[in-house]
Amino acid sequence: MTIINNKVFRHVLPLQIRFNDVDKFGHVNNTVYFQFYDTAKTDYFATVCPDVDWEDVAIVVVKIEAEFLGQIKNGTTIAGRTRVTRIGRTSFELEQEVFDTQTQEVKSRCLSVMVLYDLARQQSMPFPDAWRQAISRYDGLSQ
């Protein structure tokens, strides 16, 4: 896993730990982290690219890699950070973290490769210029 440490996450979303997220050992089960990442990713795109018609376009995960760095216990206040680190022709790379908001300790990191998918044509699609510009501006990427 390669983490780009020289950039700032602008998108931060508070996350709620639900009753069913905690296993019999008293910590959040590692499978739940992917739900946290999905929640943060959804909010990221609603924030950065608010005019997307999700009836026509989907974002498909083609690769995902997570690293679990520390336990999250019930009652911990957590948030998710999300940023795009690279935009290609039809795909992009997303970096995310779940962290303890009290201590700033990163509990998990995730790197994903995502592909834009045209639902009508049932195939990948080129990255729209409007998305590319909005994301590049938001996350400080060079175009």
# chains A, B, ... in the order shown; residues from 1 in each chain; ligands from 1
call {"tool": "closest_atom_pairs", "arguments": {"of": "segment 51-91 of chain A", "to": "segment 23-45 of chain A", "cutoff": "8 Å", "atoms": "only C-alpha atoms", "output": "Markdown table"}}
result
| residue | atom | partner | partner_atom | distance |
| --- | --- | --- | --- | --- |
| A:Phe68 | CA | A:Asn30 | CA | 7.6 |
| A:Gln71 | CA | A:His27 | CA | 6.3 |
| A:Ile72 | CA | A:His27 | CA | 5.4 |
| A:Lys73 | CA | A:His27 | CA | 4.3 |
| A:Asn74 | CA | A:His27 | CA | 6.1 |
| A:Gly80 | CA | A:Ala40 | CA | 5.9 |
| A:Arg81 | CA | A:Ala40 | CA | 7.1 |
| A:Thr82 | CA | A:Lys41 | CA | 6.6 |
| A:Arg83 | CA | A:Tyr44 | CA | 8.0 |
call {"tool": "residues_around", "arguments": {"residues": "Cys110 of chain A", "least_positions_apart": "6", "cutoff": "6 Å", "atoms": "only C-alpha atoms", "output": "ChimeraX atom specification"}}
result
/A:65-66,95-96
call {"tool": "write_last_selection", "arguments": {"atoms": "C-alpha atoms", "output": "PDB file, in the first residue's frame"}}
result
ATOM      1  CA  GLU A  65      -6.837  -2.504  -0.145  1.00  0.00           C
ATOM      2  CA  ALA A  66      -7.249  -1.768   3.559  1.00  0.00           C
ATOM      3  CA  GLU A  95      -7.301   7.346  -0.461  1.00  0.00           C
ATOM      4  CA  GLN A  96      -9.299   7.199   2.753  1.00  0.00           C
TER       5      GLN A  96
END
call {"tool": "select_by_dssp", "arguments": {"residues": "chain A", "states": "alpha helix (DSSP H)", "output": "ChimeraX atom specification"}}
result
/A:32-48,129-139
call {"tool": "write_last_selection", "arguments": {"atoms": "N, CA, C and O atoms", "output": "compact mmCIF listing (two decimals), in the first residue's frame"}}
result
# COMPACT_ATOMS: atom_id res chain seq x y z
N VAL A 32 -16.84 -3.74 8.95
CA VAL A 32 -17.65 -2.51 9.04
C VAL A 32 -16.89 -1.31 8.48
O VAL A 32 -17.49 -0.37 7.97
N TYR A 33 -15.57 -1.36 8.52
CA TYR A 33 -14.76 -0.24 8.03
C TYR A 33 -15.11 0.08 6.57
O TYR A 33 -15.12 1.22 6.16
N PHE A 34 -15.40 -0.97 5.78
CA PHE A 34 -15.73 -0.74 4.37
C PHE A 34 -17.06 0.02 4.24
O PHE A 34 -17.23 0.80 3.31
N GLN A 35 -17.97 -0.17 5.18
CA GLN A 35 -19.19 0.63 5.20
C GLN A 35 -18.87 2.09 5.54
O GLN A 35 -19.45 3.00 4.97
N PHE A 36 -17.95 2.28 6.48
CA PHE A 36 -17.50 3.64 6.80
C PHE A 36 -16.91 4.31 5.55
O PHE A 36 -17.21 5.46 5.24
N TYR A 37 -16.06 3.57 4.83
CA TYR A 37 -15.45 4.11 3.63
C TYR A 37 -16.49 4.43 2.56
O TYR A 37 -16.41 5.46 1.90
N ASP A 38 -17.49 3.58 2.40
CA ASP A 38 -18.56 3.84 1.43
C ASP A 38 -19.35 5.10 1.80
O ASP A 38 -19.67 5.92 0.94
N THR A 39 -19.65 5.26 3.08
CA THR A 39 -20.38 6.44 3.55
C THR A 39 -19.59 7.71 3.26
O THR A 39 -20.14 8.69 2.75
N ALA A 40 -18.31 7.69 3.58
CA ALA A 40 -17.46 8.88 3.35
C ALA A 40 -17.29 9.16 1.87
O ALA A 40 -17.33 10.32 1.44
N LYS A 41 -17.14 8.11 1.06
CA LYS A 41 -16.98 8.27 -0.39
C LYS A 41 -18.24 8.87 -1.01
O LYS A 41 -18.15 9.76 -1.85
N THR A 42 -19.40 8.42 -0.58
CA THR A 42 -20.66 8.95 -1.09
C THR A 42 -20.80 10.43 -0.78
O THR A 42 -21.17 11.23 -1.64
N ASP A 43 -20.46 10.81 0.45
CA ASP A 43 -20.54 12.22 0.83
C ASP A 43 -19.50 13.05 0.09
O ASP A 43 -19.77 14.20 -0.29
N TYR A 44 -18.31 12.49 -0.14
CA TYR A 44 -17.27 13.19 -0.90
C TYR A 44 -17.82 13.60 -2.27
O TYR A 44 -17.71 14.75 -2.68
N PHE A 45 -18.39 12.64 -3.00
CA PHE A 45 -18.87 12.95 -4.35
C PHE A 45 -20.08 13.87 -4.33
O PHE A 45 -20.23 14.71 -5.21
N ALA A 46 -20.94 13.77 -3.33
CA ALA A 46 -22.06 14.69 -3.21
C ALA A 46 -21.57 16.12 -2.95
O ALA A 46 -22.17 17.08 -3.41
N THR A 47 -20.45 16.24 -2.27
CA THR A 47 -19.85 17.54 -1.96
C THR A 47 -19.11 18.12 -3.15
O THR A 47 -19.28 19.28 -3.51
N VAL A 48 -18.27 17.30 -3.78
CA VAL A 48 -17.35 17.80 -4.81
C VAL A 48 -18.00 17.83 -6.20
O VAL A 48 -17.73 18.74 -6.98
N ASP A 129 -14.89 15.98 -17.97
CA ASP A 129 -14.03 17.13 -17.68
C ASP A 129 -14.51 17.93 -16.48
O ASP A 129 -13.70 18.40 -15.68
N ALA A 130 -15.83 18.07 -16.33
CA ALA A 130 -16.36 18.83 -15.19
C ALA A 130 -15.98 18.16 -13.87
O ALA A 130 -15.62 18.84 -12.91
N TRP A 131 -16.05 16.84 -13.81
CA TRP A 131 -15.65 16.11 -12.60
C TRP A 131 -14.16 16.28 -12.37
O TRP A 131 -13.72 16.51 -11.26
N ARG A 132 -13.39 16.11 -13.44
CA ARG A 132 -11.93 16.21 -13.34
C ARG A 132 -11.53 17.57 -12.78
O ARG A 132 -10.70 17.68 -11.88
N GLN A 133 -12.13 18.63 -13.29
CA GLN A 133 -11.81 19.98 -12.83
C GLN A 133 -12.24 20.20 -11.39
O GLN A 133 -11.49 20.76 -10.59
N ALA A 134 -13.45 19.76 -11.04
CA ALA A 134 -13.95 19.95 -9.68
C ALA A 134 -13.10 19.21 -8.66
O ALA A 134 -12.73 19.76 -7.63
N ILE A 135 -12.76 17.96 -8.96
CA ILE A 135 -11.94 17.17 -8.05
C ILE A 135 -10.53 17.72 -7.96
O ILE A 135 -9.96 17.81 -6.86
N SER A 136 -9.97 18.10 -9.09
CA SER A 136 -8.61 18.66 -9.10
C SER A 136 -8.53 19.93 -8.28
O SER A 136 -7.58 20.14 -7.51
N ARG A 137 -9.52 20.79 -8.42
CA ARG A 137 -9.57 22.02 -7.61
C ARG A 137 -9.71 21.69 -6.13
O ARG A 137 -9.01 22.24 -5.30
N TYR A 138 -10.62 20.80 -5.83
CA TYR A 138 -10.91 20.47 -4.42
C TYR A 138 -9.71 19.83 -3.72
O TYR A 138 -9.38 20.19 -2.60
N ASP A 139 -9.09 18.86 -4.39
CA ASP A 139 -7.99 18.13 -3.76
C ASP A 139 -6.60 18.63 -4.14
O ASP A 139 -5.59 18.07 -3.73
call {"tool": "closest_residue", "arguments": {"among": "A:Ala79, A:Val61, A:Val84, A:Leu111", "to": "Ile17 of chain A", "atoms": "only C-alpha atoms"}}
result
A:Ala79
call {"tool": "closest_residue", "arguments": {"among": "A:Val57, A:Arg86, A:Leu94, A:Asp100", "to": "Gly70 of chain A", "atoms": "only C-alpha atoms"}}
result
A:Asp100
call {"tool": "atom_distance", "arguments": {"atom1": "atom CA of Tyr117 of chain A", "atom2": "atom CA of Leu13 of chain A"}}
result
25.3 Å
call {"tool": "atom_distance", "arguments": {"atom1": "atom CA of Ile64 of chain A", "atom2": "atom CA of Ser91 of chain A"}}
result
13.2 Å
call {"tool": "closest_residue", "arguments": {"among": "A:Leu141, A:Leu119, A:Pro126, A:Thr85", "to": "Trp54 of chain A", "atoms": "only C-alpha atoms"}}
result
A:Leu119
call {"tool": "atom_distance", "arguments": {"atom1": "atom CA of Pro14 of chain A", "atom2": "atom CA of Ile78 of chain A"}}
result
6.2 Å
call {"tool": "select_by_dssp", "arguments": {"residues": "chain A", "states": "strand (DSSP E or B)", "output": "PDB file with C-alpha atoms, in the first residue's frame"}}
result
ATOM      1  CA  HIS A  11     -13.060  16.112   3.061  1.00  0.00           C
ATOM      2  CA  VAL A  12     -13.765  14.901   6.595  1.00  0.00           C
ATOM      3  CA  LEU A  13     -17.056  13.266   7.583  1.00  0.00           C
ATOM      4  CA  PRO A  14     -18.101  12.334  11.144  1.00  0.00           C
ATOM      5  CA  LEU A  15     -19.097   8.654  11.297  1.00  0.00           C
ATOM      6  CA  VAL A  22     -19.476  -3.792  17.567  1.00  0.00           C
ATOM      7  CA  HIS A  27     -14.579  -3.387  19.071  1.00  0.00           C
ATOM      8  CA  VAL A  28     -15.815  -2.456  15.619  1.00  0.00           C
ATOM      9  CA  VAL A  57     -23.398   6.861 -13.980  1.00  0.00           C
ATOM     10  CA  ALA A  58     -21.986   4.504 -11.398  1.00  0.00           C
ATOM     11  CA  ILE A  59     -18.624   4.317  -9.687  1.00  0.00           C
ATOM     12  CA  VAL A  60     -17.368   0.755  -9.480  1.00  0.00           C
ATOM     13  CA  VAL A  61     -14.628  -0.475  -7.167  1.00  0.00           C
ATOM     14  CA  VAL A  62     -12.129  -2.563  -9.160  1.00  0.00           C
ATOM     15  CA  LYS A  63      -9.452  -2.799  -6.469  1.00  0.00           C
ATOM     16  CA  ILE A  64      -9.531  -2.095  -2.759  1.00  0.00           C
ATOM     17  CA  GLU A  65      -6.837  -2.504  -0.145  1.00  0.00           C
ATOM     18  CA  ALA A  66      -7.249  -1.768   3.559  1.00  0.00           C
ATOM     19  CA  GLU A  67      -4.779  -1.630   6.398  1.00  0.00           C
ATOM     20  CA  PHE A  68      -6.072  -1.925   9.966  1.00  0.00           C
ATOM     21  CA  LYS A  73     -14.061   0.566  20.648  1.00  0.00           C
ATOM     22  CA  ILE A  78     -14.572   8.682  14.662  1.00  0.00           C
ATOM     23  CA  ALA A  79     -14.555  10.349  11.262  1.00  0.00           C
ATOM     24  CA  GLY A  80     -13.553   9.440   7.729  1.00  0.00           C
ATOM     25  CA  ARG A  81     -11.191  11.366   5.480  1.00  0.00           C
ATOM     26  CA  THR A  82     -11.356  11.040   1.695  1.00  0.00           C
ATOM     27  CA  ARG A  83      -9.344  12.386  -1.225  1.00  0.00           C
ATOM     28  CA  VAL A  84      -8.649  11.545  -4.836  1.00  0.00           C
ATOM     29  CA  THR A  85      -4.924  11.094  -5.487  1.00  0.00           C
ATOM     30  CA  ARG A  86      -4.926  10.373  -9.233  1.00  0.00           C
ATOM     31  CA  ILE A  87      -7.350  10.682 -12.134  1.00  0.00           C
ATOM     32  CA  SER A  91     -10.501   5.466 -13.481  1.00  0.00           C
ATOM     33  CA  PHE A  92      -9.255   7.239 -10.402  1.00  0.00           C
ATOM     34  CA  GLU A  93      -7.505   6.396  -7.143  1.00  0.00           C
ATOM     35  CA  LEU A  94      -9.080   7.179  -3.817  1.00  0.00           C
ATOM     36  CA  GLU A  95      -7.301   7.346  -0.461  1.00  0.00           C
ATOM     37  CA  GLN A  96      -9.299   7.199   2.753  1.00  0.00           C
ATOM     38  CA  GLU A  97      -8.711   6.995   6.485  1.00  0.00           C
ATOM     39  CA  VAL A  98     -10.856   6.332   9.529  1.00  0.00           C
ATOM     40  CA  PHE A  99      -9.494   8.116  12.589  1.00  0.00           C
ATOM     41  CA  ASP A 100     -10.260   8.868  16.228  1.00  0.00           C
ATOM     42  CA  VAL A 106      -5.541   6.781  12.293  1.00  0.00           C
ATOM     43  CA  LYS A 107      -7.331   3.474  12.852  1.00  0.00           C
ATOM     44  CA  SER A 108      -7.440   2.300   9.239  1.00  0.00           C
ATOM     45  CA  ARG A 109      -6.309   3.342   5.759  1.00  0.00           C
ATOM     46  CA  CYS A 110      -7.825   2.340   2.461  1.00  0.00           C
ATOM     47  CA  LEU A 111      -6.697   2.710  -1.138  1.00  0.00           C
ATOM     48  CA  SER A 112      -9.182   2.063  -3.937  1.00  0.00           C
ATOM     49  CA  VAL A 113      -9.119   2.091  -7.700  1.00  0.00           C
ATOM     50  CA  MET A 114     -12.509   3.126  -9.013  1.00  0.00           C
ATOM     51  CA  VAL A 115     -13.907   3.077 -12.548  1.00  0.00           C
ATOM     52  CA  LEU A 116     -16.666   5.265 -13.932  1.00  0.00           C
ATOM     53  CA  TYR A 117     -19.383   3.120 -15.453  1.00  0.00           C
ATOM     54  CA  ASP A 118     -22.069   4.084 -17.981  1.00  0.00           C
ATOM     55  CA  GLN A 123     -19.306  -0.211 -19.991  1.00  0.00           C
ATOM     56  CA  SER A 124     -16.637   2.018 -18.511  1.00  0.00           C
TER      57      SER A 124
END
call {"tool": "closest_residue", "arguments": {"among": "A:Val52, A:Leu69, A:Thr77, A:Val8", "to": "Thr103 of chain A", "atoms": "only C-alpha atoms"}}
result
A:Thr77
